[in-house]
$ cat structure_17.txt   # compact mmCIF, C-alpha atoms
# COMPACT_ATOMS: atom_id res chain seq x y z
CA MET H 973 72.78 186.77 6.13
CA SER H 974 73.65 187.69 9.77
CA THR H 975 72.87 184.13 10.90
CA VAL H 976 74.93 182.33 8.26
CA ARG H 977 77.89 180.23 9.42
CA PHE H 978 80.81 180.05 7.00
CA ILE H 979 82.69 176.75 7.14
CA GLY H 980 86.23 176.25 5.82
CA LEU H 981 87.48 172.73 5.10
CA ASP H 982 91.10 171.75 4.55
CA VAL H 983 90.55 168.47 2.73
CA HIS H 984 93.14 165.69 2.53
CA ALA H 985 92.94 162.06 1.43
CA GLU H 986 92.30 160.74 4.95
CA THR H 987 91.41 163.78 7.07
CA ILE H 988 89.48 167.04 6.94
CA ALA H 989 90.33 170.03 9.14
CA ILE H 990 87.29 172.19 9.95
CA ALA H 991 86.94 175.83 10.97
CA VAL H 992 83.87 178.05 11.29
CA ALA H 993 83.43 181.80 10.96
CA GLU H 994 80.54 182.65 13.25
CA PRO H 995 78.02 185.44 12.52
CA THR H 996 79.34 187.27 15.59
CA GLY H 997 82.80 187.56 14.05
CA GLU H 998 84.59 184.75 15.84
CA VAL H 999 86.68 182.33 13.75
CA ARG H 1000 87.54 179.10 15.50
CA SER H 1001 88.74 175.60 14.71
CA LEU H 1002 86.41 172.63 15.11
CA GLY H 1003 89.14 170.03 14.96
CA MET H 1004 89.69 167.17 12.52
CA ILE H 1005 87.43 164.44 11.17
CA PRO H 1006 88.11 161.42 8.91
CA ASN H 1007 87.45 161.99 5.23
CA ARG H 1008 84.47 159.61 5.15
CA SER H 1009 80.86 160.18 4.13
CA GLU H 1010 79.56 159.15 7.57
CA SER H 1011 81.81 161.69 9.31
CA ILE H 1012 80.69 164.45 6.94
CA ARG H 1013 77.04 163.58 7.58
CA ARG H 1014 77.55 163.76 11.35
CA LEU H 1015 79.39 167.09 10.97
CA VAL H 1016 76.48 168.64 9.06
CA LYS H 1017 74.03 167.58 11.78
CA LYS H 1018 76.31 169.03 14.44
CA LEU H 1019 76.73 172.41 12.74
CA GLY H 1020 73.03 173.26 12.79
CA PRO H 1021 70.31 174.10 10.23
CA ILE H 1022 71.40 173.33 6.67
CA ASN H 1023 70.04 176.60 5.27
CA ARG H 1024 72.43 178.53 7.56
CA LEU H 1025 75.59 176.78 6.35
CA ARG H 1026 77.99 177.89 3.62
CA VAL H 1027 80.92 175.51 3.07
CA CYS H 1028 84.05 175.89 0.97
CA TYR H 1029 87.29 174.01 0.35
CA GLU H 1030 90.18 174.28 -2.08
CA ALA H 1031 90.28 172.42 -5.37
CA GLY H 1032 92.93 169.73 -5.30
CA PRO H 1033 93.81 166.08 -5.86
CA THR H 1034 90.80 164.86 -3.85
CA GLY H 1035 88.49 166.05 -6.62
CA TYR H 1036 84.85 166.92 -6.02
CA VAL H 1037 83.78 163.98 -3.84
CA VAL H 1038 83.26 166.15 -0.75
CA TYR H 1039 81.33 168.67 -2.84
CA TRP H 1040 78.93 166.01 -4.09
CA GLN H 1041 78.48 164.59 -0.59
CA LEU H 1042 77.64 168.00 0.88
CA THR H 1043 75.28 169.04 -1.93
CA ALA H 1044 73.47 165.69 -1.62
CA LEU H 1045 72.81 166.62 2.02
CA GLY H 1046 71.38 169.98 0.92
CA VAL H 1047 74.36 172.08 2.02
CA ARG H 1048 75.52 174.93 -0.18
CA CYS H 1049 79.17 174.24 -1.00
CA GLU H 1050 81.75 175.91 -3.23
CA VAL H 1051 85.13 174.68 -4.43
CA VAL H 1052 87.58 177.59 -4.56
CA ALA H 1053 90.70 178.22 -6.62
CA PRO H 1054 93.75 177.59 -4.37
CA THR H 1055 95.99 180.03 -6.26
CA LEU H 1056 93.55 182.89 -5.56
CA VAL H 1057 93.30 182.41 -1.79
CA PRO H 1058 94.71 185.55 -0.07
CA ILE H 1059 98.02 185.04 1.74
CA LYS H 1060 99.38 187.38 4.40
CA ALA H 1061 102.87 188.71 3.72
CA GLY H 1062 105.31 187.37 6.26
CA ASP H 1063 103.11 184.45 7.36
CA ARG H 1064 105.50 181.51 7.68
CA VAL H 1065 103.35 179.11 9.73
CA LYS H 1066 101.18 176.71 7.76
CA THR H 1067 99.06 174.00 9.38
CA ASP H 1068 95.81 172.30 8.49
CA ARG H 1069 94.02 174.13 11.30
CA ARG H 1070 95.29 177.54 10.20
CA ASP H 1071 94.45 176.77 6.55
CA ALA H 1072 90.87 175.89 7.49
CA GLU H 1073 90.53 179.07 9.57
CA LYS H 1074 91.91 181.17 6.72
CA LEU H 1075 89.39 179.66 4.31
CA ALA H 1076 86.47 180.31 6.67
CA ARG H 1077 87.57 183.92 7.29
CA SER H 1078 88.18 184.69 3.60
CA TYR H 1079 84.94 183.00 2.56
CA ARG H 1080 82.94 185.17 4.94
CA ALA H 1081 84.73 188.26 3.60
CA GLY H 1082 83.93 187.30 -0.01
CA ASP H 1083 87.61 187.11 -1.00
CA LEU H 1084 87.51 183.61 -2.55
CA THR H 1085 86.92 182.68 -6.19
CA ALA H 1086 84.82 179.59 -6.86
CA VAL H 1087 85.75 177.21 -9.67
CA TRP H 1088 83.36 175.44 -12.02
CA VAL H 1089 82.37 171.99 -10.78
CA PRO H 1090 81.65 169.63 -13.70
CA ASP H 1091 78.57 167.47 -13.74
CA ALA H 1092 78.82 163.70 -14.10
CA SER H 1093 78.87 163.67 -17.93
CA HIS H 1094 81.51 166.40 -18.22
CA GLU H 1095 83.71 164.88 -15.52
CA ALA H 1096 83.60 161.42 -17.13
CA LEU H 1097 84.49 162.84 -20.54
CA ARG H 1098 87.25 164.99 -19.05
CA ASP H 1099 88.84 161.97 -17.32
CA LEU H 1100 88.83 160.09 -20.61
CA VAL H 1101 90.29 162.99 -22.58
CA ARG H 1102 93.04 163.50 -20.02
CA ALA H 1103 93.84 159.78 -20.13
CA ARG H 1104 94.36 160.13 -23.88
CA GLU H 1105 96.52 163.19 -23.32
CA ALA H 1106 98.68 161.19 -20.93
CA ALA H 1107 98.96 158.42 -23.54
CA LYS H 1108 100.09 160.97 -26.15
CA LYS H 1109 102.86 162.14 -23.80
CA ASP H 1110 103.89 158.52 -23.23
CA GLN H 1111 103.95 157.99 -26.99
CA LEU H 1112 106.26 160.97 -27.46
CA ARG H 1113 108.64 159.66 -24.80
CA ALA H 1114 108.60 156.13 -26.24
CA ARG H 1115 109.36 157.44 -29.73
CA HIS H 1116 112.18 159.60 -28.40
CA ARG H 1117 113.78 156.63 -26.64
CA LEU H 1118 113.71 154.48 -29.76
CA GLY H 1119 114.72 157.30 -32.10
CA LYS H 1120 117.70 158.38 -29.99
CA PHE H 1121 118.78 154.75 -29.55
CA LEU H 1122 118.89 154.30 -33.34
CA LEU H 1123 120.65 157.66 -33.76
CA ARG H 1124 123.39 156.73 -31.26
CA HIS H 1125 124.20 153.65 -33.30
CA GLY H 1126 123.96 155.31 -36.71
CA ARG H 1127 120.98 153.30 -37.90
CA ARG H 1128 119.14 155.28 -40.60
CA PRO H 1129 116.96 154.10 -43.48
CA SER H 1130 118.69 153.94 -46.86
CA GLU H 1131 115.86 155.89 -48.51
CA ARG H 1132 113.86 158.89 -47.31
CA MET H 1133 110.76 158.01 -45.30
CA THR H 1134 108.53 159.78 -42.78
CA PRO H 1135 109.33 158.74 -39.18
CA TRP H 1136 106.82 156.69 -37.22
CA THR H 1137 104.72 155.67 -40.19
CA GLN H 1138 103.93 152.00 -40.68
CA ARG H 1139 106.61 151.85 -43.37
CA TYR H 1140 109.19 153.26 -40.93
CA LEU H 1141 108.30 150.73 -38.23
CA THR H 1142 108.45 147.91 -40.79
CA TRP H 1143 111.97 149.03 -41.74
CA ILE H 1144 113.06 148.92 -38.09
CA LYS H 1145 111.71 145.39 -37.64
CA ALA H 1146 113.22 144.07 -40.87
CA ALA H 1147 116.51 145.94 -41.29
CA VAL H 1148 117.73 146.94 -37.82
CA HIS H 1149 119.61 144.24 -35.90
CA PHE H 1150 122.51 144.18 -33.44
CA GLU H 1151 125.19 141.61 -32.83
CA GLN H 1152 125.15 142.16 -29.07
CA PRO H 1153 122.17 140.38 -27.42
CA ALA H 1154 121.85 143.22 -24.88
CA GLN H 1155 121.38 145.81 -27.62
CA GLU H 1156 118.95 143.56 -29.49
CA ALA H 1157 116.90 143.20 -26.30
CA THR H 1158 116.95 147.00 -25.87
CA LEU H 1159 115.70 147.51 -29.43
CA LEU H 1160 112.85 145.05 -28.95
CA ASP H 1161 111.82 146.67 -25.67
CA TYR H 1162 111.79 150.20 -27.14
CA LEU H 1163 109.89 148.98 -30.21
CA HIS H 1164 107.35 147.19 -28.03
CA GLY H 1165 106.87 150.42 -26.02
CA VAL H 1166 106.05 152.39 -29.19
CA GLU H 1167 103.56 149.79 -30.41
CA HIS H 1168 101.97 149.40 -26.96
CA VAL H 1169 101.28 153.14 -26.66
CA ALA H 1170 99.82 153.20 -30.18
CA THR H 1171 97.40 150.46 -29.14
CA ARG H 1172 96.48 152.43 -26.01
CA LEU H 1173 95.70 155.50 -28.11
CA GLU H 1174 93.47 153.55 -30.48
CA ARG H 1175 91.58 152.06 -27.54
CA LEU H 1176 91.10 155.44 -25.83
CA GLU H 1177 89.95 157.14 -29.04
CA ARG H 1178 87.35 154.41 -29.56
CA ALA H 1179 86.23 154.97 -25.98
CA ILE H 1180 85.85 158.69 -26.71
CA ASP H 1181 83.67 157.87 -29.72
CA ASP H 1182 81.50 155.61 -27.57
CA ALA H 1183 81.26 158.26 -24.83
CA LEU H 1184 80.06 160.85 -27.35
CA LEU H 1185 77.23 158.56 -28.43
CA GLY H 1186 75.90 158.58 -24.86
CA ALA H 1187 76.60 162.27 -24.17
CA PRO H 1188 73.77 164.82 -23.72
CA PRO H 1189 72.46 166.30 -27.01
CA GLN H 1190 73.62 169.83 -26.15
CA MET H 1191 77.16 168.64 -25.51
CA ARG H 1192 77.27 166.73 -28.81
CA ALA H 1193 75.93 169.76 -30.67
CA VAL H 1194 78.64 172.05 -29.31
CA ILE H 1195 81.37 169.51 -30.07
CA GLU H 1196 80.19 169.20 -33.67
CA ALA H 1197 79.90 172.99 -34.06
CA LEU H 1198 83.42 173.69 -32.77
CA GLN H 1199 84.81 171.44 -35.50
CA ALA H 1200 83.76 174.11 -38.00
CA LEU H 1201 86.85 176.04 -36.91
CA ARG H 1202 90.10 175.43 -38.70
CA GLY H 1203 92.58 173.51 -36.55
CA ILE H 1204 89.90 172.03 -34.28
CA ALA H 1205 88.92 168.46 -35.09
CA LYS H 1206 87.04 165.97 -32.94
CA ILE H 1207 89.58 165.38 -30.15
CA SER H 1208 90.30 169.10 -29.77
CA ALA H 1209 86.58 169.95 -29.69
CA VAL H 1210 85.91 167.25 -27.09
CA THR H 1211 88.78 168.58 -24.96
CA VAL H 1212 87.41 172.14 -25.07
CA VAL H 1213 83.91 171.07 -23.99
CA ALA H 1214 85.18 168.66 -21.34
CA GLU H 1215 87.44 171.30 -19.78
CA VAL H 1216 85.11 174.31 -20.01
CA GLY H 1217 81.62 172.88 -19.72
CA GLU H 1218 78.94 175.29 -20.94
CA LEU H 1219 80.63 178.11 -22.85
CA SER H 1220 77.66 180.40 -22.25
CA ARG H 1221 78.47 180.47 -18.53
CA PHE H 1222 81.00 183.15 -19.49
CA ALA H 1223 79.21 186.46 -20.02
CA ARG H 1224 82.00 187.79 -22.27
CA ALA H 1225 84.80 186.25 -24.31
CA PRO H 1226 87.61 187.85 -22.22
CA GLN H 1227 86.36 185.86 -19.24
CA LEU H 1228 87.03 182.64 -21.15
CA MET H 1229 90.46 183.97 -22.10
CA GLY H 1230 91.20 184.60 -18.43
CA TYR H 1231 89.95 181.12 -17.52
CA CYS H 1232 92.45 179.73 -20.02
CA GLY H 1233 95.30 181.89 -18.66
CA MET H 1234 95.66 183.77 -21.94
CA GLY H 1235 95.36 187.28 -20.50
CA PRO H 1236 98.45 189.53 -20.41
CA ARG H 1237 100.51 190.05 -17.29
CA GLU H 1238 100.50 193.61 -15.98
CA ASP H 1239 102.64 195.48 -13.45
CA SER H 1240 101.48 199.09 -13.39
CA SER H 1241 101.87 201.75 -10.74
CA GLY H 1242 101.16 205.45 -11.06
CA GLU H 1243 102.19 206.64 -14.50
CA ARG H 1244 104.18 203.48 -15.21
CA HIS H 1245 102.37 200.83 -17.23
CA ARG H 1246 104.10 197.56 -18.01
CA ARG H 1247 102.61 194.48 -19.66
CA GLY H 1248 104.21 191.12 -20.26
CA GLY H 1249 103.35 187.71 -21.66
CA ILE H 1250 100.26 185.68 -20.89
CA THR H 1251 99.58 184.84 -17.24
CA LYS H 1252 99.29 181.04 -17.72
CA THR H 1253 97.20 181.00 -14.51
CA GLY H 1254 94.33 179.07 -16.05
CA ASN H 1255 93.40 175.69 -17.43
CA ALA H 1256 96.61 174.31 -18.98
CA HIS H 1257 94.83 171.49 -20.85
CA LEU H 1258 92.55 173.96 -22.62
CA ARG H 1259 95.44 176.35 -23.34
CA ARG H 1260 97.49 173.59 -24.97
CA VAL H 1261 94.67 172.59 -27.33
CA VAL H 1262 93.94 176.18 -28.33
CA MET H 1263 97.60 176.96 -28.98
CA GLU H 1264 97.97 173.87 -31.17
CA ALA H 1265 94.89 174.92 -33.17
CA ALA H 1266 96.16 178.49 -33.55
CA TRP H 1267 99.09 177.36 -35.70
CA ALA H 1268 96.62 176.44 -38.46
CA TYR H 1269 95.88 180.14 -39.05
CA ARG H 1270 99.36 180.79 -40.43
CA HIS H 1271 97.97 179.66 -43.78
CA ARG H 1272 95.66 181.77 -45.93
CA PRO H 1273 91.89 181.14 -45.56
CA ALA H 1274 90.69 177.97 -47.26
CA VAL H 1275 88.20 175.15 -46.72
CA SER H 1276 89.84 171.78 -47.22
CA GLY H 1277 87.98 168.56 -47.92
CA ALA H 1278 88.07 167.43 -44.29
CA LEU H 1279 86.92 170.83 -43.01
CA ARG H 1280 84.14 170.99 -45.62
CA GLN H 1281 82.94 167.57 -44.51
CA ARG H 1282 82.85 168.68 -40.85
CA GLN H 1283 80.88 171.82 -41.76
CA ALA H 1284 78.34 170.05 -44.00
CA ARG H 1285 75.79 169.39 -41.22
CA LEU H 1286 76.22 172.70 -39.40
CA SER H 1287 74.08 175.81 -39.53
CA PRO H 1288 75.05 178.75 -41.79
CA GLU H 1289 75.50 180.93 -38.71
CA VAL H 1290 78.17 178.65 -37.27
CA THR H 1291 80.04 178.27 -40.58
CA ALA H 1292 79.95 182.05 -41.02
CA ILE H 1293 81.64 182.53 -37.65
CA ALA H 1294 84.28 179.95 -38.59
CA TRP H 1295 84.95 181.62 -41.95
CA LYS H 1296 85.22 185.02 -40.27
CA ALA H 1297 87.74 183.50 -37.85
CA GLN H 1298 89.94 182.33 -40.72
CA HIS H 1299 90.07 185.78 -42.32
CA ARG H 1300 90.58 187.74 -39.11
CA LEU H 1301 93.14 185.46 -37.48
CA HIS H 1302 95.25 184.98 -40.63
CA THR H 1303 95.28 188.72 -41.29
CA ARG H 1304 96.31 189.41 -37.70
CA TYR H 1305 99.05 186.79 -37.89
CA ARG H 1306 100.53 188.44 -41.02
CA ARG H 1307 100.35 191.90 -39.41
CA LEU H 1308 102.10 190.73 -36.25
CA LEU H 1309 104.89 189.17 -38.30
CA GLY H 1310 105.15 192.42 -40.27
CA ARG H 1311 105.65 194.31 -37.00
CA GLY H 1312 108.61 192.10 -36.17
CA LYS H 1313 106.96 189.68 -33.78
CA CYS H 1314 108.35 186.15 -33.72
CA PRO H 1315 105.97 183.38 -34.89
CA GLN H 1316 105.55 182.00 -31.35
CA LYS H 1317 104.33 185.34 -29.98
CA ALA H 1318 102.10 185.89 -32.99
CA VAL H 1319 100.49 182.46 -32.56
CA THR H 1320 99.95 183.17 -28.86
CA ALA H 1321 97.98 186.28 -29.79
CA ILE H 1322 96.05 184.27 -32.39
CA GLY H 1323 95.21 181.61 -29.79
CA ARG H 1324 93.79 184.26 -27.47
CA GLU H 1325 91.49 185.59 -30.21
CA LEU H 1326 90.58 182.06 -31.26
CA LEU H 1327 89.05 181.59 -27.81
CA GLY H 1328 86.69 184.44 -28.67
CA PHE H 1329 85.41 182.58 -31.73
CA ILE H 1330 85.11 179.37 -29.71
CA TRP H 1331 83.01 181.29 -27.19
CA ALA H 1332 80.83 182.78 -29.94
CA ILE H 1333 80.11 179.39 -31.52
CA GLY H 1334 79.46 177.73 -28.17
CA ARG H 1335 77.06 180.46 -27.04
CA THR H 1336 75.20 180.35 -30.37
CA VAL H 1337 74.73 176.58 -30.35
CA GLU H 1338 73.79 176.40 -26.66
CA ALA H 1339 71.16 179.12 -27.11
CA ASP H 1340 69.73 177.24 -30.10
CA GLN H 1341 69.64 173.99 -28.10
CA ARG H 1342 67.79 175.66 -25.23
CA GLN H 1343 65.13 176.95 -27.64
CA ARG H 1344 64.64 173.46 -29.04
CA GLN H 1345 64.07 171.88 -25.66
CA PRO H 1346 60.37 171.19 -24.98
CA VAL H 1347 58.77 173.48 -22.45
CA ALA H 1348 57.65 171.63 -19.31
CA ALA H 1349 53.90 171.72 -18.78
$ encode --input "structure_17.txt" --output "structure tokens"
Amino acid sequence: MSTVRFIGLDVHAETIAIAVAEPTGEVRSLGMIPNRSESIRRLVKKLGPINRLRVCYEAGPTGYVVYWQLTALGVRCEVVAPTLVPIKAGDRVKTDRRDAEKLARSYRAGDLTAVWVPDASHEALRDLVRAREAAKKDQLRARHRLGKFLLRHGRRPSERMTPWTQRYLTWIKAAVHFEQPAQEATLLDYLHGVEHVATRLERLERAIDDALLGAPPQMRAVIEALQALRGIAKISAVTVVAEVGELSRFARAPQLMGYCGMGPREDSSGERHRRGGITKTGNAHLRRVVMEAAWAYRHRPAVSGALRQRQARLSPEVTAIAWKAQHRLHTRYRRLLGRGKCPQKAVTAIGRELLGFIWAIGRTVEADQRQRQPVAA
């Protein structure tokens, strides 16, 4: 390893700052290049033998394009977590050149943490799932605008009905009218926004169904198996797989909990030990889905018709894990409430343990899929 050159890249949309940590100990800047594939190819040729290069850059809005370009050229590259890059106390000067030098120096010292880079199928599915998540947020905002507009003007249905059902929307169209043309135009615009987002969601959910049909068999198997758990239906299972990738890449369940940001904060020194809430320094998309699913374990263990239908085609081993999860998580929820914990804190603890059952099911199914794959001659 004494001949390896460690390269740090500070990647932006149009430019890349480059620094190298030489085997002799010197760390120096190599300047700036355009963020173009031709420039990256020329840089690799300039830096020397490919087997002597180790390249890293921070994960960010530019995605993994540079990673794929470098790996296609045969260069070993890692994308590192920006929040885990060491920062010197008192350092108040930040430039692209200094950032690249810091990456090269820390990479050589082994102080950086690499993130998981999704393959093409996982990245495509993740983009689609996140597009649906964005549409759900837009739907919530559109409904709030229309609902608060009706509330300000005292427009309520004469009989009790569930908001945002088809019956509720029909009531708005038929019974809600305003004398002022400006207010009537506002109502129509808000109503159109609600219906437009609903159409977007239907289109994206159909696209997710189509994407699953073309997904690798192992991915489909894990998605189906995760739906054995209470509170995790198709969209939630797809989100978990798209955000995590292979669950068996985590050697232990606590590693998945840390990846999700569900581990406890800790500030201990000497004889003083202090722990707080969860760190939230992980994948926020995964954490949201798991926390939503955890609320289902407030209720006593049961297998509803929809859950029974999802479990019908699964192996007994997977359904046994899911049934064990119902008993353990519900019991723990009741005990936490009995100790005086508020429901939100109790559900947070349940969500953390739920990740352990997700990991167990994923590892079981992935191991079974690997055994079924034909051995190459």
$ residues_around --input "structure_17.txt" --residues "segment 1226-1237 of chain H" --least-positions-apart "3" --cutoff "7 Å" --atoms "all atoms listed in the file" --output "list in words"
Phe1222, Arg1247, Gly1248, Gly1249, Ile1250, Thr1251, Lys1252, Thr1253, Gly1254, Asn1255, Ala1256, Leu1258, Arg1259, Arg1324 and Leu1327 of chain H
$ write_last_selection --input "structure_17.txt" --atoms "C-alpha atoms" --output "short mmCIF file (atom, residue, chain, number, x, y, z; two decimals), keeping the file's coordinate frame"
data_model
loop_
_atom_site.label_atom_id
_atom_site.label_comp_id
_atom_site.auth_asym_id
_atom_site.auth_seq_id
_atom_site.Cartn_x
_atom_site.Cartn_y
_atom_site.Cartn_z
CA PHE H 1222 81.00 183.15 -19.49
CA ARG H 1247 102.61 194.48 -19.66
CA GLY H 1248 104.21 191.12 -20.26
CA GLY H 1249 103.35 187.71 -21.66
CA ILE H 1250 100.26 185.68 -20.89
CA THR H 1251 99.58 184.84 -17.24
CA LYS H 1252 99.29 181.04 -17.72
CA THR H 1253 97.20 181.00 -14.51
CA GLY H 1254 94.33 179.07 -16.05
CA ASN H 1255 93.40 175.69 -17.43
CA ALA H 1256 96.61 174.31 -18.98
CA LEU H 1258 92.55 173.96 -22.62
CA ARG H 1259 95.44 176.35 -23.34
CA ARG H 1324 93.79 184.26 -27.47
CA LEU H 1327 89.05 181.59 -27.81
#
$ closest_atom_pairs --input "structure_17.txt" --of "segment 1110-1206 of chain H" --to "segment 1278-1291 of chain H" --cutoff "7 Å" --atoms "all atoms listed in the file" --output "JSON lines"
{"residue": "H:Ala1197", "atom": "CA", "partner": "H:Leu1286", "partner_atom": "CA", "distance": 6.5}
{"residue": "H:Gln1199", "atom": "CA", "partner": "H:Arg1282", "partner_atom": "CA", "distance": 6.3}
{"residue": "H:Ala1200", "atom": "CA", "partner": "H:Gln1283", "partner_atom": "CA", "distance": 5.3}
$ closest_residue --input "structure_17.txt" --among "H:Arg1202, H:Arg1104, H:His1302, H:Arg1128" --to "Val1148 of chain H" --atoms "all atoms listed in the file"
H:Arg1128
$ closest_residue --input "structure_17.txt" --among "H:Asp1161, H:Arg1127, H:Val1262, H:Glu1238" --to "Ala1205 of chain H" --atoms "only C-alpha atoms"
H:Val1262
$ atom_distance --input "structure_17.txt" --atom1 "atom CA of Ala1146 of chain H" --atom2 "atom CA of Val1169 of chain H"
20.7 Å
$ atom_distance --input "structure_17.txt" --atom1 "atom CA of Arg1080 of chain H" --atom2 "atom CA of Cys1049 of chain H"
13.0 Å
$ closest_residue --input "structure_17.txt" --among "H:Thr1336, H:Arg1344, H:Gln1155, H:Arg1070" --to "Arg1124 of chain H" --atoms "all atoms listed in the file"
H:Gln1155
$ closest_residue --input "structure_17.txt" --among "H:Val976, H:Met1133, H:Val1337, H:Ile1022" --to "Gln1190 of chain H" --atoms "all atoms listed in the file"
H:Val1337
